[in-house]
Every structure is written in C-alpha cells, then in structure tokens.
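I have placed the structure first, in the form of structure tokens, so that the comments after it can refer back to it.
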Amino acid sequence: MEIGSKIKAIRLRRGLTQEELATRCELTKGYISQLENELASPSIATLQDILNVLGVTLPAFFAEEKEEQIVFGKSDFFVSASGDGESTWLIPNSQKNEMEPIMLVLPEGGESETRVPFEGEEFGYVMEGRITLEVEGKTYTAKKGEAFYIDGAHEHKIINAGTRDAKILWVTTPSNF
C-alpha cells in the first residue's frame, strides 16, 4: 500500500493544501511532500495525527476498498415467486440502494401480489404483453412499449390482461420489495 499517495488523495478530497495539513499536524510542508511522494514513512503516531486532521480512522485508512460493481449479469440475478408470476431481482442486495429494479413476468391471467401503501414511488415499463393496473379500485391498461408511474401511497397490483406472458421492468424507490 502506498501510504503517501493515499494521504494525498484524502487531503485533496478535503480541499487542503500541503501547507494547511502540515500546520494542523504541527509538521512541515516539506515533510508532507516527502510523505506524499513516498520519500518518507510516518511513525504510527504521526500517521494517526495526520489521519485525525483528515477525518479518517486508522482502520478505515487501511481497509481494502472494494471496487463498486457497475454492470450486473445473469449470474448476479436472483429469482423468486411473486404472486402468480416470477420476479427477477436485477441488482443483488439492492435493498441498500435508493432504487430496486426487478423484472416481473406474469403468465396469462396471472396477478402480482397486492402492494400495500408505502412511502415511495414505483415505475414500470411493459416490455412484452398487455397488463391491467388496479390502483385504489380503478383500472388502467398498459401494453408493450408503455410505462406507468404509481405513488406508493396507493394500494395496487398488476394483472396480465393478454394471452401470453407479460414482462414488466418494475422499479421501486425507496427499495422495499
């Protein structure tokens, strides 16, 4: 691990100059420069002082940073029953995120579970088939290529109104499936 380059990256994120960091740590600007260029190694006490000023704990500084996964494929997906259909969770552990996208497939005449009111919103895009949305006792129809948007405060469910499987990309925010 290159301690100096990591200190420099944190310092720059905090908007501090080498001189400001040095002053706050009671060190010289030259010493901070040597550290950042890997020409000197700090003692544990000095490193702790620097990290204190930067607002980083020693364990957090040495923790291995996991690269955030951006692209997800079939091996990442999780499938579960959903009413009469099947939900494919497109992003693993999306409960920790703001949005939770799933792919809902309903067989002919199939229905999703009734969604009870919650604080949030839902968006859907009909990829295949034709569906009926029942929202607070009213019905709405959407077909392939159409989208819907529902305030989560309304109880609702999706019914496949077509003669073949309906496939819906369904996104909830906040995550609550």
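Scheme for the structure tokens: letters A, B, ... for chains in order shown; per-chain residue numbers from 1; ligand numbers from 1 in order shown.
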
**OP:** Identify, on the basis of only C-alpha atoms, every residue whose closest approach to region 7-11 of chain A does not exceed 9 Å; exclude the query and any residue fewer than 4 positions from it along the same chain; express the result as a VMD selection string.
**Re:** chain A and resid 2 to 3 15 to 18 21 32 to 33 35 to 37 50 to 51 54 56 61

Considering only C-alpha atoms, tabulate each residue of region 4-119 of chain A that lies at most 9 Å from region 139-153 of chain A along with its nearest interatomic pair and the corresponding distance in Å to one decimal; arrange the rows by chain and ascending residue number and present them as a tab-separated table.
```
residue	atom	partner	partner_atom	distance
A:Arg115	CA	A:Gly152	CA	8.4
A:Val116	CA	A:Ala153	CA	8.0
A:Pro117	CA	A:Ala153	CA	4.5
A:Phe118	CA	A:Gly152	CA	5.1
A:Glu119	CA	A:Gly152	CA	5.7
```

Original post:
In Å, with one decimal, what is the gap from CA of Glu65 (chain A) to CA of Asn52 (chain A)?
Top reply: 19.5 Å

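Proximity of A:Gly4, A:Glu155, A:Ala22, A:Ser112 to Pro42 (chain A), computed with only C-alpha atoms, is greatest for A:Gly4.
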
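Nearest residue to Ala45 (chain A) among A:Cys25, A:Ala60, A:Glu122, A:Glu113 is A:Cys25, counting only C-alpha atoms.
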
**OP:** Once DSSP has gone over the backbone, tell me which residues of chain A are in strand (DSSP E), as a PyMOL selection string.
**Re:** chain A and resi 78-82+85-89+100-106+121-128+130-135+138-143+147-151+156-160+166-173

**OP:** Give me the residues within 8 Å of region 83-87 of chain A as a list of chain:residue names, counting only C-alpha atoms and dropping any in the same chain fewer than 6 places off.
**Re:**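 Residues near the query, excluding close chain neighbours: A:Ile102, A:Met103, A:Leu104, A:Val105, A:Leu106, A:Pro107, A:Gly110, A:Glu111, A:Ser112, A:Glu113.
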
Just to be explicit: take each residue in the selection above, keep N, CA, C and O atoms, and write the result as a compact mmCIF listing (two decimals), in the first residue's frame.
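So again_15.txt came out as:
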```txt
# COMPACT_ATOMS: atom_id res chain seq x y z
N ILE A 102 -36.67 -4.70 -10.61
CA ILE A 102 -36.93 -6.11 -10.82
C ILE A 102 -37.55 -6.29 -12.20
O ILE A 102 -38.07 -5.35 -12.80
N MET A 103 -37.49 -7.53 -12.70
CA MET A 103 -38.18 -7.90 -13.92
C MET A 103 -39.30 -8.83 -13.48
O MET A 103 -39.04 -9.88 -12.91
N LEU A 104 -40.54 -8.42 -13.70
CA LEU A 104 -41.70 -9.22 -13.31
C LEU A 104 -42.26 -9.89 -14.55
O LEU A 104 -42.53 -9.22 -15.56
N VAL A 105 -42.43 -11.20 -14.49
CA VAL A 105 -43.05 -11.95 -15.58
C VAL A 105 -44.31 -12.59 -15.02
O VAL A 105 -44.26 -13.33 -14.04
N LEU A 106 -45.45 -12.26 -15.64
CA LEU A 106 -46.74 -12.81 -15.23
C LEU A 106 -47.28 -13.69 -16.35
O LEU A 106 -47.33 -13.26 -17.50
N PRO A 107 -47.74 -14.90 -16.04
CA PRO A 107 -48.33 -15.75 -17.07
C PRO A 107 -49.72 -15.23 -17.44
O PRO A 107 -50.28 -14.36 -16.74
N GLY A 110 -52.28 -14.11 -14.92
CA GLY A 110 -51.59 -14.04 -13.63
C GLY A 110 -51.63 -12.65 -13.02
O GLY A 110 -51.80 -11.64 -13.71
N GLU A 111 -51.49 -12.61 -11.70
CA GLU A 111 -51.53 -11.35 -10.95
C GLU A 111 -50.31 -11.24 -10.05
O GLU A 111 -49.84 -12.24 -9.52
N SER A 112 -49.85 -10.00 -9.87
CA SER A 112 -48.81 -9.76 -8.88
C SER A 112 -49.46 -9.79 -7.50
O SER A 112 -50.69 -9.78 -7.38
N GLU A 113 -48.66 -9.81 -6.48
CA GLU A 113 -49.20 -9.64 -5.14
C GLU A 113 -49.73 -8.21 -5.03
O GLU A 113 -49.26 -7.31 -5.71
```

**OP:** Give me, please, the distance in Å between CA of Pro59 (chain A) and CA of Val71 (chain A), quoted to one decimal.
**Re:** 28.9 Å

**OP:** Quick one: pick out all helix (DSSP H, G or I) residues within chain A from a backbone DSSP run and write them as a ChimeraX atom specification.
**Re:** /A:3-13,18-25,29-36,44-54,58-62,74-76,94-96

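Interatomic distance, CA of Ile44 (chain A) against CA of Lys6 (chain A): 15.2 Å.
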
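With only C-alpha atoms as the atoms that count, the minimum distance from Gly137 (chain A) to the choices A:His154, A:Tyr125, A:Asn93, A:Glu64 is reached by A:His154.
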